[in-house]
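Colleague: Encoded as structure tokens, here's the structure I'll be asking about.
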Amino acid sequence: MSQFIQSLVDALSAGAVLGLAALAIGLVFGVIRLANFATGEIITGAGYALVLTWDLGWYVAIPLSILVAVILSLLMELAVFSRMRKAGPATLLIASFGVSFLLQRVYELIFGNNVRSAPVASNLSQSVEVAGIRLQLLSVTAIVLSAILLVLLQLFLTRTTLGLQLQAAAADFTTARLVGIPASRVIGLSFVLSGVLAAAVAFVLTTQSGAVGPTFGVRITVLALVGAVIGGIDKISGALAGGFLVGFASSMLETWLPQGVGNFRDAFVYVLVIVVLLLKPSGLLVRGRGAVRT
Amino acid sequence: MSTPSIIKRSLGYRLAPGWSLVSLLLLVFAAVAVNSLFGKSNQIAMQYALVDLIIVVALQMFIGTSGVLSFGHVAFVAVGAWTVGLLTIDPTLKHSLLPNLFPFLYDIGSPWILAVFIGGIVGGVLALVVSPALMRLNGLQAGIATFALLGLVNQVLTYWSSIGPESGQSMVGIPDVLNVWMTMLFAMGAIVVAWLFQRTRPARLLRAAREDGTASAASGINVVTQRIITFTASGVIAGVAGGLFALTNRVVQASQLSIDLTFVTLAMLVLGGMLSLSGAVVGTLVFALVDLILVKLQAGMTIAAHTLQIPQGTRPIVLGLILVLMLIFRSKGITGGREFVWPFRKNQLPGVPVSND
């Protein structure tokens, strides 16, 4: 029983982190229909910032990593995606693939192929005992961190003008522009928020592994992208829920699949994805078959 | 809209499609011939480029014709490579290197040419099996679902030691039988097949559906069926390419046949232009040429007593930049989605419309 609860907490934390990553992708997609594969490289960039500056103290490293993530995110938008406003989602996805590949190679050139490591927030890697159940402190932290970010994001999106504008733009970009919502500001904002979320993901991942390499962010981004699409990338809540589901399922499969089959956990996740896409092409949280915005 | 009869009767009009095929074959031949003057190491690079060419032709056949994105073709390449590996590795070697195979896999084997074609069939069968599900999806959903297929196949090949090496290891001992000229013949064969395919009914119907989904559905085109046919056919070609990859590289590992290869081949297709077969061929050859020059530059190239050298690691960066810049500034690629025609007019082939979106 206690093992089950333990795995449940781990799965919740994996789901929470993946949910954040999917949200980072979904926020941008809602506004400009870009499923940004290069979100992974924002995570990697923030991870490098954390690992390389951790010696200077967390109060330097953490703000710096957020700054790096936001700058990278905005830079991508300004240099590449802002020039491709007329392209369809498929073309934009390929372009983001290109940006991702490009940045990975840049990281390779700057930081080398080997991982850089530092004991980021190493006191979080202990476990604590609550009511006879041993819990990874990091898992608990990830859940709490995600919850705080989600509440803040929710408050921002529903209580501020900018947030409401972003929501409107995500729901229907053309109409939002027609009623006078400044497009460039909203797009920029979505990239900034996406960068902040990516930095949070980077913090958890870096604490988990303590090491960052050029392809650090790739696996989580693949899963987050997949999660966002099966949840319904068109809706912000859909992306979040889908990401959570994929992370939760992947973590549970890892713990409970019998020895030898456990290696195939990602394969099971991919099968799940294909099945969901067939049953609900526009996403789990979207009612009916729904019109797919393409 | 009927074609004016004067154009219909003119020789150029009737020869134009054939010319596009001949010119592509000549282009490939010229590339290989020129390359062969520059020594052995360049020939190996050319051989890899030709394998890439076949993959890109397969990609174009599906993506270009249907307008649906696929990240999944490298999965067919991977199973083709696996098939050729299992069929051509020496039996005694197989016993010692791949200890956990299904017993029947130790007994089978075939000459390499046959193995390559069997690889194509295996790729095609996989495509056929998954296509009824995948071909119902469009746009981003199709991209993600085919991506999931790639991930799925990759995981299975990486970890399932009953059909390959121990988890994550590579399959070695594939015989050294293929040379650049034979690879060229396969590449030409793939181009001919793709060219012939462009003129078949499924390809025409699918192009119609690509240009206007609603109108084509109203005309009674069953898009899913046509996509299944096209996907399967392109899966066969991708499988053949996988077999040739195995014989060229002589070591196959699942991680080589995954996201990176998908990215590179898509980049080649985007560079040339997705909507035409000429785009697939030109894109691959130009990409390969640029790549070769960058490799030389990284090693240091001497031109008229000056040694030019660029830092290690710049090569993939330049290649990535080319893709991104191409997408930004000329998203239809070098050929702009047109086929080569004769005489060199800026018109288009019958049946291969250039979309204006």
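Naming scheme: A, B, ... for chains in displayed order of the structure tokens; residues 1 onward per chain; ligands 1 onward as shown.
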Skip region 110-123 of chain B itself and residues of its chain fewer than 6 positions away, then list as a ChimeraX atom specification all residues within 12 Å of it, counting only C-alpha atoms.
Modeller: /B:54-55,58,72-91,129-131,153,174-178,182-183,185-186,190,231-248
Colleague: Can you check which parts of chain B lie within 6 Å of chain A? Per residue, the shortest pair of atoms and distance in Å to one decimal, counting only C-alpha atoms, sorted by chain and number, as a Markdown table.
Modeller:
```
| residue | atom | partner | partner_atom | distance |
| --- | --- | --- | --- | --- |
| B:Gly139 | CA | A:Ala90 | CA | 5.9 |
| B:Leu140 | CA | A:Ala90 | CA | 5.6 |
| B:Ala145 | CA | A:Ile274 | CA | 5.6 |
| B:Ala148 | CA | A:Tyr270 | CA | 5.0 |
| B:Leu152 | CA | A:Ala267 | CA | 4.6 |
| B:Gln155 | CA | A:Ala267 | CA | 5.9 |
| B:Gly313 | CA | A:Leu109 | CA | 5.8 |
| B:Ile317 | CA | A:Leu102 | CA | 5.4 |
| B:Gly320 | CA | A:Leu102 | CA | 5.0 |
| B:Val324 | CA | A:Gly98 | CA | 5.8 |
| B:Ile328 | CA | A:Met84 | CA | 6.0 |
```
Colleague: Mind checking which residues fall within 12 Å of Ala30 (chain B), counting only C-alpha atoms, ignoring those fewer than 6 positions away in the same chain, and posting them as a ChimeraX atom specification?
Modeller: /B:22-24,36-37,46,181,184,285
Colleague: Write out as a VMD selection string all residues of region 29-67 of chain B that backbone DSSP assigns to alpha helix (DSSP H).
Modeller: chain B and resid 29 to 36 40 to 59 65 to 66
Colleague: Rank B:Thr200, B:Arg250, B:Pro316, B:Phe104 by their smallest atom-to-atom distance to Ile229 (chain B), using only C-alpha atoms, and report the top residue only.
Modeller: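 Once distances to Ile229 (chain B) are computed over only C-alpha atoms, the minimum belongs to B:Thr200.
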Colleague: Please report, as a ChimeraX atom specification, each residue of region 74-190 of chain A to which DSSP assigns strand (DSSP E or B) when run on this structure's backbone.
Modeller: /A:116-117,127-130,133-136
Colleague: Using Å and a single decimal, report how far CA of Ala168 (chain A) sits from CA of Leu153 (chain A).
Modeller: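 Value for the CA of Leu153 (chain A)-CA of Ala168 (chain A) distance: 15.0 Å.
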Colleague: Need the shell around Ala254 (chain B): protein/DNA/RNA residues with any atom at most 7 Å away, counting only C-alpha atoms. Skip same-chain ones fewer than 5 positions apart. Format as a list in words?
Modeller: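 Residues near the query, excluding close chain neighbours: Asn154, Leu157 and Thr158 of chain B.
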Colleague: Given the selection you just returned, output its residues as a file containing C-alpha atoms, formatted as a short mmCIF file (atom, residue, chain, number, x, y, z; two decimals), in the first residue's frame.
Modeller:
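Produced file selection.cif, reproduced below:
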```
data_model
loop_
_atom_site.label_atom_id
_atom_site.label_comp_id
_atom_site.auth_asym_id
_atom_site.auth_seq_id
_atom_site.Cartn_x
_atom_site.Cartn_y
_atom_site.Cartn_z
CA ASN B 154 12.16 3.15 -32.14
CA LEU B 157 13.70 -1.84 -31.95
CA THR B 158 15.88 -0.46 -29.17
#
```
Colleague: Which residues are near region 16-26 of chain A? Cut-off 9 Å, only C-alpha atoms, ignore same chain within fewer than 5 positions. Put them as a PyMOL selection string.
Modeller: chain A and resi 11+31+33-37+39-40+43+142-143+145-147+149-150+190-191+193-198+200-201+204-205+220-221+223-229+232-248
